[in-house]
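For reference, the structure discussed in these notes is given below.
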Amino acid sequence: MINKWIMILIILLVSIVPGCSNEADKGELESVGLLVTDTISDQVWGTKGYKGMLKIEAEYGVDVYYKERIDSQILTERAIEEFSHKGVNLVFGHGMEYAEFFNKIAPEYPDMHFVSFNGQAAEKNTTSLKFDSHAMGFFGGMTAAHASKTETIGIIASYKWQPEIKGFVEGAKFENKDIQILIEYVNDWDDEDKALLILDGMMKKNVDVVYPAGDGYNVPVIERLKENQLYAIGYVSDQSELGEDTVLTSTIQHVDKLYLLIAQRFAENELKSGNLSFDFSDGVISMSEFNSHIDKEFADQLVEYVDRYIDTGKLPNK
């Protein structure tokens with residue numbers, strides 16, 4: 001009986017001793033907020049942000065909050081005021097528009113740190129994140145050029161400034177100097193109708209591999225390619241589940257891992273203000289597995305190129 005009570009006492013002590021939890025030390029981190037311009041249930045960009053919040057919650061045991069359809073300065077200000085009453089001190093604005101919103105509001109909340117994407121952070125408590133996506137585009141372009149039977153591939157891009165587009169072209173030309181590359185711009189992340197109209201035009205020009213570089217329309221584009229027994233390079237997520245025979249590989253941006261990395265830096269008081277870039281070497285960009293249409297010799301060579309890039313920062317054309 002005495003041994004039984006001793007065991008119970010030990011269990012109770014272990015459960016209350018600081019540091020025995022599986023949760024990481026939350027340090028400076030109190031609560032975390034997320035703002036999205038659309039919804040967290042879009043299965044693409046918004047969903048990735050929400051998954052990042054869930055990772056932070058699981059890792060640090062802090063409260064996380066989100067607000068959807070926050071797409072203006074005034075809505076942002078209202079959301080931030082609400083977050084402040086809930087003890088939030090790290091806020092993610094899940095898009096480039098939030099950089100401008102945050103620059104205006106950040107001085108009013110010196111105890112909060114504001115994080116956005118693809119913008120210009122101007123205040124001491126603002127940070128803008130960017131995926132350095134040139135290399136992922138390069139390796140995607142290599143794969144597309146290698147797989148193309150017609151030597152004609154296409155890019156349906158959202159905007160001309162996307163680094164992955166230039167990278168894709170360079171990679172395709174590195175793999176096959178004779179490859180023809182058609183590029184058209186939707187000028188929107190989500191315009192499915194325009195993207196499909198562009199795709200129809202490309203298919204008439206003998207394109208057989210397409211890179212739909214927009215997270216709001218890439219799924220319908222891949223579905224149309226699947227219907228026509230053509231190929232795609234997946235964008236942002238591993239999109240092989242849309243069609244294992246259709247998606248040759250995917251260029252993946254691990255938003256959830258990046259969010260966790262930023263939370264870790266903030267918790268340890270190491271999150272810098274300004275504009276930060278992240279790449280393969282940070283563990284937040286990768287290539288997915290190749291499908292059966294990509295021969296093993298090419299796949300092994302490309303993996304070596306990726307490993308070399310992680311180690312040296314040099315692409316194979318350098």
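Identifiers in this document derive from the order of the structure tokens: chains are assigned A, B, ..., residues are numbered from 1 separately in each chain, and ligands are numbered from 1 in order of occurrence.
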Item to complete: Excluding region 76-83 of chain A and any residue of its chain fewer than 5 positions from it, enumerate the residues within 9 Å of it, using only C-alpha atoms, and give them as a PyMOL selection string.
Response: chain A and resi 31-33+35+65+67+70-71+88-89+91+98+101-102+105+109
Keeping all heavy atoms, export the residues of the selection given above as a compact mmCIF listing (two decimals), in the first residue's frame.
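So the final result, stored in out.txt, reads:
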```txt
# COMPACT_ATOMS: atom_id res chain seq x y z
N SER A 31 -0.19 35.07 -26.87
CA SER A 31 -1.24 34.53 -27.73
C SER A 31 -0.95 34.99 -29.15
O SER A 31 -0.25 35.99 -29.36
CB SER A 31 -2.62 35.01 -27.29
OG SER A 31 -2.93 34.53 -25.99
N VAL A 32 -1.51 34.29 -30.13
CA VAL A 32 -1.19 34.55 -31.54
C VAL A 32 -2.48 34.78 -32.32
O VAL A 32 -3.48 34.08 -32.11
CB VAL A 32 -0.40 33.38 -32.15
CG1 VAL A 32 0.05 33.73 -33.57
CG2 VAL A 32 0.79 33.03 -31.28
N GLY A 33 -2.45 35.75 -33.23
CA GLY A 33 -3.61 36.04 -34.07
C GLY A 33 -3.28 35.91 -35.55
O GLY A 33 -2.14 36.11 -35.97
N LEU A 35 -4.89 36.96 -39.50
CA LEU A 35 -5.84 37.66 -40.34
C LEU A 35 -5.71 37.13 -41.76
O LEU A 35 -4.61 36.98 -42.29
CB LEU A 35 -5.57 39.17 -40.35
CG LEU A 35 -5.55 39.89 -39.00
CD1 LEU A 35 -5.25 41.37 -39.20
CD2 LEU A 35 -6.86 39.69 -38.25
N TYR A 65 -6.00 32.77 -32.36
CA TYR A 65 -7.26 33.33 -32.84
C TYR A 65 -7.11 33.66 -34.33
O TYR A 65 -6.01 33.91 -34.82
CB TYR A 65 -7.60 34.61 -32.08
CG TYR A 65 -7.64 34.45 -30.58
CD1 TYR A 65 -6.52 34.74 -29.80
CD2 TYR A 65 -8.79 34.01 -29.94
CE1 TYR A 65 -6.54 34.59 -28.42
CE2 TYR A 65 -8.84 33.86 -28.55
CZ TYR A 65 -7.70 34.15 -27.80
OH TYR A 65 -7.73 33.99 -26.45
N LYS A 67 -9.29 35.72 -37.79
CA LYS A 67 -10.42 36.48 -38.32
C LYS A 67 -10.34 36.45 -39.84
O LYS A 67 -9.28 36.70 -40.42
CB LYS A 67 -10.43 37.91 -37.80
CG LYS A 67 -10.64 37.99 -36.28
CD LYS A 67 -10.89 39.41 -35.81
CE LYS A 67 -12.27 39.89 -36.17
NZ LYS A 67 -13.35 39.15 -35.47
N ILE A 70 -10.71 39.94 -43.72
CA ILE A 70 -10.16 41.21 -43.26
C ILE A 70 -9.34 41.78 -44.41
O ILE A 70 -8.19 41.39 -44.62
CB ILE A 70 -9.30 41.02 -41.99
CG1 ILE A 70 -10.08 40.28 -40.91
CG2 ILE A 70 -8.80 42.36 -41.49
CD1 ILE A 70 -11.33 40.99 -40.44
N ASP A 71 -9.96 42.68 -45.18
CA ASP A 71 -9.32 43.10 -46.44
C ASP A 71 -9.23 44.62 -46.59
O ASP A 71 -9.15 45.13 -47.71
CB ASP A 71 -10.07 42.50 -47.63
CG ASP A 71 -11.55 42.88 -47.64
OD1 ASP A 71 -11.99 43.65 -46.75
OD2 ASP A 71 -12.28 42.39 -48.54
N VAL A 88 -3.13 38.97 -27.38
CA VAL A 88 -2.30 38.58 -28.53
C VAL A 88 -1.09 39.51 -28.63
O VAL A 88 -1.24 40.74 -28.57
CB VAL A 88 -3.13 38.65 -29.84
CG1 VAL A 88 -2.22 38.51 -31.06
CG2 VAL A 88 -4.20 37.57 -29.84
N ASN A 89 0.10 38.94 -28.79
CA ASN A 89 1.28 39.79 -28.99
C ASN A 89 2.08 39.40 -30.24
O ASN A 89 3.12 39.98 -30.50
CB ASN A 89 2.17 39.81 -27.76
CG ASN A 89 2.82 38.47 -27.45
OD1 ASN A 89 2.37 37.42 -27.90
ND2 ASN A 89 3.89 38.52 -26.66
N VAL A 91 1.05 38.75 -34.35
CA VAL A 91 -0.04 38.75 -35.33
C VAL A 91 0.51 38.42 -36.71
O VAL A 91 1.50 39.03 -37.16
CB VAL A 91 -0.75 40.12 -35.39
CG1 VAL A 91 -1.87 40.10 -36.43
CG2 VAL A 91 -1.30 40.50 -34.03
N TYR A 98 -1.24 43.18 -46.05
CA TYR A 98 -1.14 43.48 -44.62
C TYR A 98 0.13 44.26 -44.26
O TYR A 98 0.17 44.89 -43.20
CB TYR A 98 -1.21 42.19 -43.81
CG TYR A 98 -2.57 41.56 -43.84
CD1 TYR A 98 -2.81 40.39 -44.56
CD2 TYR A 98 -3.64 42.14 -43.17
CE1 TYR A 98 -4.07 39.81 -44.61
CE2 TYR A 98 -4.91 41.57 -43.21
CZ TYR A 98 -5.12 40.40 -43.93
OH TYR A 98 -6.37 39.85 -43.98
N PHE A 101 -1.03 47.78 -44.16
CA PHE A 101 -1.95 47.96 -43.03
C PHE A 101 -1.19 48.00 -41.71
O PHE A 101 -1.45 48.84 -40.85
CB PHE A 101 -2.97 46.82 -42.98
CG PHE A 101 -3.87 46.71 -44.19
CD1 PHE A 101 -4.53 45.52 -44.47
CD2 PHE A 101 -4.05 47.78 -45.06
CE1 PHE A 101 -5.36 45.40 -45.57
CE2 PHE A 101 -4.89 47.67 -46.17
CZ PHE A 101 -5.54 46.47 -46.42
N PHE A 102 -0.25 47.05 -41.57
CA PHE A 102 0.50 46.93 -40.31
C PHE A 102 1.44 48.12 -40.08
O PHE A 102 1.63 48.55 -38.93
CB PHE A 102 1.28 45.63 -40.28
CG PHE A 102 0.43 44.40 -40.09
CD1 PHE A 102 0.96 43.12 -40.30
CD2 PHE A 102 -0.90 44.49 -39.72
CE1 PHE A 102 0.19 41.98 -40.11
CE2 PHE A 102 -1.69 43.35 -39.54
CZ PHE A 102 -1.14 42.10 -39.74
N ILE A 105 -0.56 50.79 -38.41
CA ILE A 105 -1.14 50.54 -37.09
C ILE A 105 -0.12 50.14 -36.04
O ILE A 105 -0.35 50.31 -34.84
CB ILE A 105 -2.24 49.46 -37.20
CG1 ILE A 105 -3.15 49.50 -35.97
CG2 ILE A 105 -1.64 48.07 -37.38
CD1 ILE A 105 -4.34 48.58 -36.07
N TYR A 109 0.58 49.89 -31.20
CA TYR A 109 0.63 48.67 -30.40
C TYR A 109 2.09 48.21 -30.25
O TYR A 109 2.50 47.20 -30.84
CB TYR A 109 -0.21 47.57 -31.06
CG TYR A 109 -1.68 47.90 -31.13
CD1 TYR A 109 -2.21 48.57 -32.23
CD2 TYR A 109 -2.55 47.53 -30.10
CE1 TYR A 109 -3.56 48.87 -32.30
CE2 TYR A 109 -3.90 47.82 -30.17
CZ TYR A 109 -4.40 48.50 -31.27
OH TYR A 109 -5.74 48.79 -31.33
```
Discussion item. List as a list in words the protein and nucleic acid residues near Leu248 (chain A), meaning an atom at most 6 Å away when only C-alpha atoms are counted, but skip any in the same chain fewer than 3 places from it.
Written reply: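 Everything that qualifies: Ile233, Phe290 and Asn291 of chain A.
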Discussion item. Counting only C-alpha atoms, which residue out of A:Ser133, A:Thr312, A:Gln253, A:Gln301 sits closest to Ile165 (chain A)?
Written reply: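 Distance minimum relative to Ile165 (chain A) lands on A:Ser133.
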Worksheet item: What does the distance from CA of Ile262 (chain A) to CA of Gly49 (chain A) come to in Å, to one decimal?
Response: 12.6 Å
Per-residue nearest contacts of region 103-199 of chain A to region 214-223 of chain A (7 Å; only C-alpha atoms) as JSON lines:
```
{"residue": "A:Ala157", "atom": "CA", "partner": "A:Gly214", "partner_atom": "CA", "distance": 6.2}
{"residue": "A:Ser158", "atom": "CA", "partner": "A:Gly214", "partner_atom": "CA", "distance": 5.4}
{"residue": "A:Trp189", "atom": "CA", "partner": "A:Gly214", "partner_atom": "CA", "distance": 5.1}
{"residue": "A:Asp190", "atom": "CA", "partner": "A:Gly216", "partner_atom": "CA", "distance": 4.0}
{"residue": "A:Asp191", "atom": "CA", "partner": "A:Tyr217", "partner_atom": "CA", "distance": 6.4}
{"residue": "A:Glu192", "atom": "CA", "partner": "A:Tyr217", "partner_atom": "CA", "distance": 4.8}
{"residue": "A:Ala195", "atom": "CA", "partner": "A:Tyr217", "partner_atom": "CA", "distance": 6.7}
{"residue": "A:Leu196", "atom": "CA", "partner": "A:Val221", "partner_atom": "CA", "distance": 6.1}
```
Take the residues that were just selected and, keeping C-alpha atoms, output them as a PDB file, in the first residue's frame.
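Final file, selection14.pdb:
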```
ATOM      1  CA  ALA A 157       1.362  32.922 -63.663  1.00  0.00           C
ATOM      2  CA  SER A 158      -0.422  35.319 -61.348  1.00  0.00           C
ATOM      3  CA  TRP A 189      -4.287  34.845 -57.539  1.00  0.00           C
ATOM      4  CA  ASP A 190      -7.794  33.445 -57.850  1.00  0.00           C
ATOM      5  CA  ASP A 191      -9.364  34.131 -61.264  1.00  0.00           C
ATOM      6  CA  GLU A 192     -10.251  30.574 -62.249  1.00  0.00           C
ATOM      7  CA  ALA A 195      -6.743  30.822 -65.950  1.00  0.00           C
ATOM      8  CA  LEU A 196      -8.804  28.133 -67.702  1.00  0.00           C
TER       9      LEU A 196
END
```
Item to complete: Pick out each residue of region 55-143 of chain A that DSSP on the backbone tags as strand (DSSP E or B); I need them as a PyMOL selection string.
Response: chain A and resi 63-67+88-93+113-117+126-131
Would you write out those residues with N, CA, C and O atoms, as a PDB file, in the first residue's frame?
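File produced: selection23.pdb:
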```
ATOM      1  N   ASP A  63      -2.989  30.261 -26.753  1.00  0.00           N
ATOM      2  CA  ASP A  63      -4.246  30.481 -27.456  1.00  0.00           C
ATOM      3  C   ASP A  63      -3.970  31.097 -28.819  1.00  0.00           C
ATOM      4  O   ASP A  63      -3.092  31.968 -28.958  1.00  0.00           O
ATOM      5  N   VAL A  64      -4.696  30.652 -29.825  1.00  0.00           N
ATOM      6  CA  VAL A  64      -4.585  31.229 -31.166  1.00  0.00           C
ATOM      7  C   VAL A  64      -5.971  31.668 -31.623  1.00  0.00           C
ATOM      8  O   VAL A  64      -6.973  31.031 -31.315  1.00  0.00           O
ATOM      9  N   TYR A  65      -6.002  32.768 -32.358  1.00  0.00           N
ATOM     10  CA  TYR A  65      -7.258  33.333 -32.844  1.00  0.00           C
ATOM     11  C   TYR A  65      -7.111  33.660 -34.326  1.00  0.00           C
ATOM     12  O   TYR A  65      -6.008  33.914 -34.819  1.00  0.00           O
ATOM     13  N   TYR A  66      -8.226  33.661 -35.024  1.00  0.00           N
ATOM     14  CA  TYR A  66      -8.181  34.070 -36.431  1.00  0.00           C
ATOM     15  C   TYR A  66      -9.432  34.862 -36.778  1.00  0.00           C
ATOM     16  O   TYR A  66     -10.488  34.702 -36.172  1.00  0.00           O
ATOM     17  N   LYS A  67      -9.288  35.725 -37.791  1.00  0.00           N
ATOM     18  CA  LYS A  67     -10.418  36.477 -38.317  1.00  0.00           C
ATOM     19  C   LYS A  67     -10.340  36.451 -39.839  1.00  0.00           C
ATOM     20  O   LYS A  67      -9.278  36.696 -40.417  1.00  0.00           O
ATOM     21  N   VAL A  88      -3.129  38.971 -27.379  1.00  0.00           N
ATOM     22  CA  VAL A  88      -2.300  38.582 -28.532  1.00  0.00           C
ATOM     23  C   VAL A  88      -1.093  39.514 -28.630  1.00  0.00           C
ATOM     24  O   VAL A  88      -1.242  40.741 -28.571  1.00  0.00           O
ATOM     25  N   ASN A  89       0.097  38.941 -28.790  1.00  0.00           N
ATOM     26  CA  ASN A  89       1.277  39.788 -28.994  1.00  0.00           C
ATOM     27  C   ASN A  89       2.076  39.400 -30.237  1.00  0.00           C
ATOM     28  O   ASN A  89       3.124  39.978 -30.503  1.00  0.00           O
ATOM     29  N   LEU A  90       1.586  38.431 -31.002  1.00  0.00           N
ATOM     30  CA  LEU A  90       2.174  38.102 -32.302  1.00  0.00           C
ATOM     31  C   LEU A  90       1.025  37.940 -33.294  1.00  0.00           C
ATOM     32  O   LEU A  90       0.131  37.117 -33.087  1.00  0.00           O
ATOM     33  N   VAL A  91       1.046  38.748 -34.352  1.00  0.00           N
ATOM     34  CA  VAL A  91      -0.042  38.748 -35.334  1.00  0.00           C
ATOM     35  C   VAL A  91       0.511  38.424 -36.714  1.00  0.00           C
ATOM     36  O   VAL A  91       1.497  39.029 -37.157  1.00  0.00           O
ATOM     37  N   PHE A  92      -0.121  37.473 -37.391  1.00  0.00           N
ATOM     38  CA  PHE A  92       0.215  37.151 -38.780  1.00  0.00           C
ATOM     39  C   PHE A  92      -0.868  37.719 -39.692  1.00  0.00           C
ATOM     40  O   PHE A  92      -2.055  37.402 -39.532  1.00  0.00           O
ATOM     41  N   GLY A  93      -0.472  38.542 -40.647  1.00  0.00           N
ATOM     42  CA  GLY A  93      -1.366  38.993 -41.720  1.00  0.00           C
ATOM     43  C   GLY A  93      -1.026  38.172 -42.945  1.00  0.00           C
ATOM     44  O   GLY A  93       0.058  38.310 -43.520  1.00  0.00           O
ATOM     45  N   HIS A 113       3.909  42.276 -32.178  1.00  0.00           N
ATOM     46  CA  HIS A 113       4.763  42.186 -33.360  1.00  0.00           C
ATOM     47  C   HIS A 113       3.884  41.744 -34.523  1.00  0.00           C
ATOM     48  O   HIS A 113       3.109  40.790 -34.400  1.00  0.00           O
ATOM     49  N   PHE A 114       4.011  42.440 -35.659  1.00  0.00           N
ATOM     50  CA  PHE A 114       3.142  42.230 -36.814  1.00  0.00           C
ATOM     51  C   PHE A 114       3.927  41.605 -37.961  1.00  0.00           C
ATOM     52  O   PHE A 114       4.955  42.138 -38.387  1.00  0.00           O
ATOM     53  N   VAL A 115       3.424  40.481 -38.481  1.00  0.00           N
ATOM     54  CA  VAL A 115       4.127  39.726 -39.524  1.00  0.00           C
ATOM     55  C   VAL A 115       3.230  39.622 -40.754  1.00  0.00           C
ATOM     56  O   VAL A 115       2.067  39.213 -40.665  1.00  0.00           O
ATOM     57  N   SER A 116       3.764  39.976 -41.924  1.00  0.00           N
ATOM     58  CA  SER A 116       3.017  39.887 -43.182  1.00  0.00           C
ATOM     59  C   SER A 116       3.846  39.133 -44.214  1.00  0.00           C
ATOM     60  O   SER A 116       4.931  38.635 -43.915  1.00  0.00           O
ATOM     61  N   PHE A 117       3.345  39.068 -45.453  1.00  0.00           N
ATOM     62  CA  PHE A 117       4.023  38.361 -46.539  1.00  0.00           C
ATOM     63  C   PHE A 117       4.261  39.289 -47.725  1.00  0.00           C
ATOM     64  O   PHE A 117       3.370  40.062 -48.112  1.00  0.00           O
ATOM     65  N   THR A 126       7.439  45.387 -36.996  1.00  0.00           N
ATOM     66  CA  THR A 126       6.838  44.736 -38.171  1.00  0.00           C
ATOM     67  C   THR A 126       7.890  43.923 -38.909  1.00  0.00           C
ATOM     68  O   THR A 126       9.061  44.308 -38.982  1.00  0.00           O
ATOM     69  N   THR A 127       7.465  42.796 -39.458  1.00  0.00           N
ATOM     70  CA  THR A 127       8.335  41.917 -40.244  1.00  0.00           C
ATOM     71  C   THR A 127       7.548  41.432 -41.454  1.00  0.00           C
ATOM     72  O   THR A 127       6.366  41.106 -41.332  1.00  0.00           O
ATOM     73  N   SER A 128       8.188  41.404 -42.599  1.00  0.00           N
ATOM     74  CA  SER A 128       7.564  40.839 -43.794  1.00  0.00           C
ATOM     75  C   SER A 128       8.361  39.618 -44.241  1.00  0.00           C
ATOM     76  O   SER A 128       9.591  39.660 -44.331  1.00  0.00           O
ATOM     77  N   LEU A 129       7.646  38.535 -44.494  1.00  0.00           N
ATOM     78  CA  LEU A 129       8.272  37.280 -44.894  1.00  0.00           C
ATOM     79  C   LEU A 129       8.158  37.082 -46.396  1.00  0.00           C
ATOM     80  O   LEU A 129       7.168  37.480 -47.016  1.00  0.00           O
ATOM     81  N   LYS A 130       9.155  36.434 -46.959  1.00  0.00           N
ATOM     82  CA  LYS A 130       9.111  36.116 -48.387  1.00  0.00           C
ATOM     83  C   LYS A 130       9.744  34.762 -48.618  1.00  0.00           C
ATOM     84  O   LYS A 130      10.830  34.474 -48.106  1.00  0.00           O
ATOM     85  N   PHE A 131       9.048  33.926 -49.369  1.00  0.00           N
ATOM     86  CA  PHE A 131       9.669  32.686 -49.837  1.00  0.00           C
ATOM     87  C   PHE A 131      10.574  33.032 -51.013  1.00  0.00           C
ATOM     88  O   PHE A 131      10.123  33.623 -51.997  1.00  0.00           O
TER      89      PHE A 131
END
```
Discussion item. List as a list of chain:residue names the protein and nucleic acid residues near region 154-156 of chain A, meaning an atom at most 8 Å away when only C-alpha atoms are counted, but skip any in the same chain fewer than 4 places from it.
Written reply: A:Ile165, A:Ile181, A:Leu182, A:Ile183, A:Glu184, A:Tyr185, A:Val186, A:Ala195, A:Ile198, A:Leu199, A:Met202, A:Val207, A:Asp208, A:Val209, A:Val210, A:Tyr211, A:Pro212, A:Ala213, A:Gly214
Limited to all heavy atoms, could you put the picked residues into a file as a short mmCIF file (atom, residue, chain, number, x, y, z; two decimals), in the first residue's frame?
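Generated file (selection_0.cif):
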```
data_model
loop_
_atom_site.label_atom_id
_atom_site.label_comp_id
_atom_site.auth_asym_id
_atom_site.auth_seq_id
_atom_site.Cartn_x
_atom_site.Cartn_y
_atom_site.Cartn_z
N ILE A 165 8.79 32.30 -61.56
CA ILE A 165 8.56 32.28 -63.02
C ILE A 165 9.90 32.37 -63.76
O ILE A 165 10.18 31.58 -64.66
CB ILE A 165 7.63 33.43 -63.43
CG1 ILE A 165 6.32 33.38 -62.64
CG2 ILE A 165 7.37 33.38 -64.93
CD1 ILE A 165 5.63 32.04 -62.64
N ILE A 181 8.65 27.87 -74.32
CA ILE A 181 7.95 28.18 -73.07
C ILE A 181 6.94 29.30 -73.33
O ILE A 181 7.33 30.41 -73.70
CB ILE A 181 8.93 28.61 -71.96
CG1 ILE A 181 10.04 27.57 -71.80
CG2 ILE A 181 8.19 28.80 -70.64
CD1 ILE A 181 11.21 28.05 -70.97
N LEU A 182 5.67 29.01 -73.12
CA LEU A 182 4.62 30.01 -73.24
C LEU A 182 4.28 30.52 -71.85
O LEU A 182 4.05 29.74 -70.93
CB LEU A 182 3.38 29.41 -73.89
CG LEU A 182 3.57 28.70 -75.24
CD1 LEU A 182 2.22 28.25 -75.79
CD2 LEU A 182 4.27 29.62 -76.24
N ILE A 183 4.25 31.84 -71.69
CA ILE A 183 3.94 32.44 -70.38
C ILE A 183 2.79 33.43 -70.55
O ILE A 183 2.84 34.32 -71.41
CB ILE A 183 5.15 33.19 -69.79
CG1 ILE A 183 6.40 32.30 -69.78
CG2 ILE A 183 4.83 33.68 -68.39
CD1 ILE A 183 7.65 33.04 -69.33
N GLU A 184 1.77 33.28 -69.74
CA GLU A 184 0.67 34.25 -69.70
C GLU A 184 0.32 34.53 -68.25
O GLU A 184 0.50 33.69 -67.37
CB GLU A 184 -0.54 33.74 -70.48
CG GLU A 184 -0.29 33.63 -71.98
CD GLU A 184 -1.58 33.57 -72.78
OE1 GLU A 184 -2.50 34.36 -72.49
OE2 GLU A 184 -1.65 32.73 -73.70
N TYR A 185 -0.22 35.74 -68.02
CA TYR A 185 -0.47 36.22 -66.66
C TYR A 185 -1.95 36.42 -66.42
O TYR A 185 -2.66 37.03 -67.22
CB TYR A 185 0.29 37.52 -66.41
CG TYR A 185 1.78 37.35 -66.53
CD1 TYR A 185 2.43 37.58 -67.76
CD2 TYR A 185 2.55 36.94 -65.45
CE1 TYR A 185 3.81 37.41 -67.88
CE2 TYR A 185 3.92 36.77 -65.56
CZ TYR A 185 4.54 37.01 -66.78
OH TYR A 185 5.90 36.83 -66.90
N VAL A 186 -2.41 35.93 -65.28
CA VAL A 186 -3.80 36.09 -64.87
C VAL A 186 -4.01 37.44 -64.20
O VAL A 186 -5.11 38.00 -64.22
CB VAL A 186 -4.20 34.95 -63.90
CG1 VAL A 186 -5.63 35.10 -63.41
CG2 VAL A 186 -4.01 33.59 -64.58
N ALA A 195 -7.80 31.83 -65.90
CA ALA A 195 -6.74 30.82 -65.95
C ALA A 195 -7.12 29.68 -66.89
O ALA A 195 -6.28 29.20 -67.68
CB ALA A 195 -6.46 30.29 -64.55
N ILE A 198 -6.84 30.78 -70.50
CA ILE A 198 -5.44 30.76 -70.91
C ILE A 198 -5.00 29.34 -71.20
O ILE A 198 -4.31 29.07 -72.20
CB ILE A 198 -4.56 31.40 -69.82
CG1 ILE A 198 -4.81 32.90 -69.74
CG2 ILE A 198 -3.08 31.11 -70.09
CD1 ILE A 198 -4.13 33.57 -68.56
N LEU A 199 -5.39 28.42 -70.34
CA LEU A 199 -5.00 27.01 -70.52
C LEU A 199 -5.54 26.47 -71.84
O LEU A 199 -4.82 25.77 -72.58
CB LEU A 199 -5.52 26.17 -69.36
CG LEU A 199 -5.30 24.66 -69.49
CD1 LEU A 199 -3.81 24.33 -69.56
CD2 LEU A 199 -5.94 23.91 -68.33
N MET A 202 -3.35 27.56 -74.57
CA MET A 202 -2.05 26.88 -74.56
C MET A 202 -2.16 25.47 -75.11
O MET A 202 -1.26 25.01 -75.84
CB MET A 202 -1.49 26.86 -73.13
CG MET A 202 -0.96 28.18 -72.64
SD MET A 202 -0.17 28.01 -71.00
CE MET A 202 0.51 29.66 -70.81
N VAL A 207 1.03 22.65 -75.99
CA VAL A 207 1.64 22.56 -74.66
C VAL A 207 1.22 21.26 -74.00
O VAL A 207 0.04 20.89 -74.03
CB VAL A 207 1.20 23.76 -73.79
CG1 VAL A 207 1.48 23.49 -72.32
CG2 VAL A 207 1.91 25.03 -74.25
N ASP A 208 2.17 20.55 -73.40
CA ASP A 208 1.81 19.29 -72.72
C ASP A 208 2.19 19.24 -71.24
O ASP A 208 1.84 18.29 -70.55
CB ASP A 208 2.41 18.08 -73.46
CG ASP A 208 3.93 18.07 -73.49
OD1 ASP A 208 4.55 19.09 -73.15
OD2 ASP A 208 4.50 17.03 -73.87
N VAL A 209 2.90 20.27 -70.73
CA VAL A 209 3.17 20.40 -69.30
C VAL A 209 2.93 21.85 -68.91
O VAL A 209 3.42 22.76 -69.58
CB VAL A 209 4.62 20.00 -68.93
CG1 VAL A 209 4.81 20.06 -67.42
CG2 VAL A 209 4.97 18.62 -69.46
N VAL A 210 2.19 22.06 -67.82
CA VAL A 210 1.83 23.42 -67.40
C VAL A 210 2.17 23.62 -65.93
O VAL A 210 1.96 22.73 -65.10
CB VAL A 210 0.33 23.69 -67.63
CG1 VAL A 210 -0.07 25.07 -67.09
CG2 VAL A 210 -0.01 23.59 -69.12
N TYR A 211 2.66 24.82 -65.61
CA TYR A 211 2.93 25.24 -64.24
C TYR A 211 1.91 26.31 -63.87
O TYR A 211 2.06 27.47 -64.24
CB TYR A 211 4.34 25.80 -64.15
CG TYR A 211 4.85 26.11 -62.76
CD1 TYR A 211 4.60 25.28 -61.67
CD2 TYR A 211 5.66 27.23 -62.55
CE1 TYR A 211 5.11 25.56 -60.41
CE2 TYR A 211 6.18 27.52 -61.29
CZ TYR A 211 5.90 26.68 -60.23
OH TYR A 211 6.42 26.95 -58.97
N PRO A 212 0.83 25.96 -63.15
CA PRO A 212 -0.18 26.95 -62.76
C PRO A 212 0.23 27.64 -61.47
O PRO A 212 -0.10 27.20 -60.37
CB PRO A 212 -1.44 26.10 -62.58
CG PRO A 212 -0.94 24.75 -62.18
CD PRO A 212 0.45 24.60 -62.74
N ALA A 213 0.94 28.76 -61.58
CA ALA A 213 1.56 29.41 -60.43
C ALA A 213 0.63 30.43 -59.78
O ALA A 213 0.93 31.62 -59.70
CB ALA A 213 2.88 30.05 -60.83
N GLY A 214 -0.52 29.95 -59.35
CA GLY A 214 -1.48 30.77 -58.63
C GLY A 214 -2.27 29.87 -57.70
O GLY A 214 -2.87 28.89 -58.17
#
```
Discussion item. Would you pick out the contacts of Val306 (chain A) at 10 Å or less, using only C-alpha atoms, so that residues sharing its chain but fewer than 2 positions from it are not included, and give the list as a PyMOL selection string?
Written reply: chain A and resi 135-136+139+280-281+286-287+300-304+308-316
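With only C-alpha atoms as the basis for measurement, A:Lys257 is the residue among A:Lys257, A:His134, A:Lys104, A:Lys86 that approaches Lys48 (chain A) most closely.
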Fill in: Counting only C-alpha atoms, the option among A:Ala121, A:Met142, A:Ala267, A:Val44 closest to Gln239 (chain A)
A:Val44
Worksheet entry | Contact residues around Ser288 (chain A) with only C-alpha atoms at 9 Å, ignoring same-chain residues under 5 positions, as a VMD selection string | chain A and resid 234 237 to 240 249 to 252
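Of the residues listed (A:Lys177, A:Lys26, A:His94, A:Arg69), A:His94 shows the shortest atom-to-atom separation from Val255 (chain A); distances use only C-alpha atoms.
Here the question is which of A:Ile56, A:Ala122, A:Ile285, A:Ile294 gets nearest to Glu30 (chain A) using only C-alpha atoms, and that residue is A:Ile56.
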Practice prompt. For region 171-176 of chain A, work out the shell of residues within 9 Å, counting only C-alpha atoms and skipping chain neighbours fewer than 3 positions away, then give it as an MDAnalysis selection string.
Written response: chainID A and resid 135 137:146 151 153 166:168 179:181 316:317
Kindly save the residues from that selection, with C-alpha atoms included, as a CSV table (one decimal), in the first residue's frame.
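For reference, result_8.csv as written:
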```
chain,number,residue,atom,x,y,z
A,135,ALA,CA,15.1,27.9,-57.0
A,137,GLY,CA,10.8,27.4,-59.9
A,138,PHE,CA,14.1,26.3,-61.4
A,139,PHE,CA,13.7,22.7,-60.4
A,140,GLY,CA,10.1,22.7,-61.5
A,141,GLY,CA,11.2,24.0,-64.9
A,142,MET,CA,13.8,21.3,-65.2
A,143,THR,CA,11.2,18.7,-64.5
A,144,ALA,CA,8.7,20.1,-67.0
A,145,ALA,CA,11.3,20.3,-69.8
A,146,HIS,CA,12.5,16.8,-69.1
A,151,GLU,CA,9.0,20.4,-76.3
A,153,ILE,CA,5.5,23.9,-72.0
A,166,LYS,CA,12.1,33.4,-64.0
A,167,GLY,CA,13.5,30.4,-62.2
A,168,PHE,CA,11.2,28.1,-64.1
A,179,ILE,CA,12.3,24.0,-75.2
A,180,GLN,CA,9.5,26.4,-76.1
A,181,ILE,CA,7.9,28.2,-73.1
A,316,PRO,CA,23.3,23.8,-61.4
A,317,ASN,CA,23.5,26.5,-64.1
```
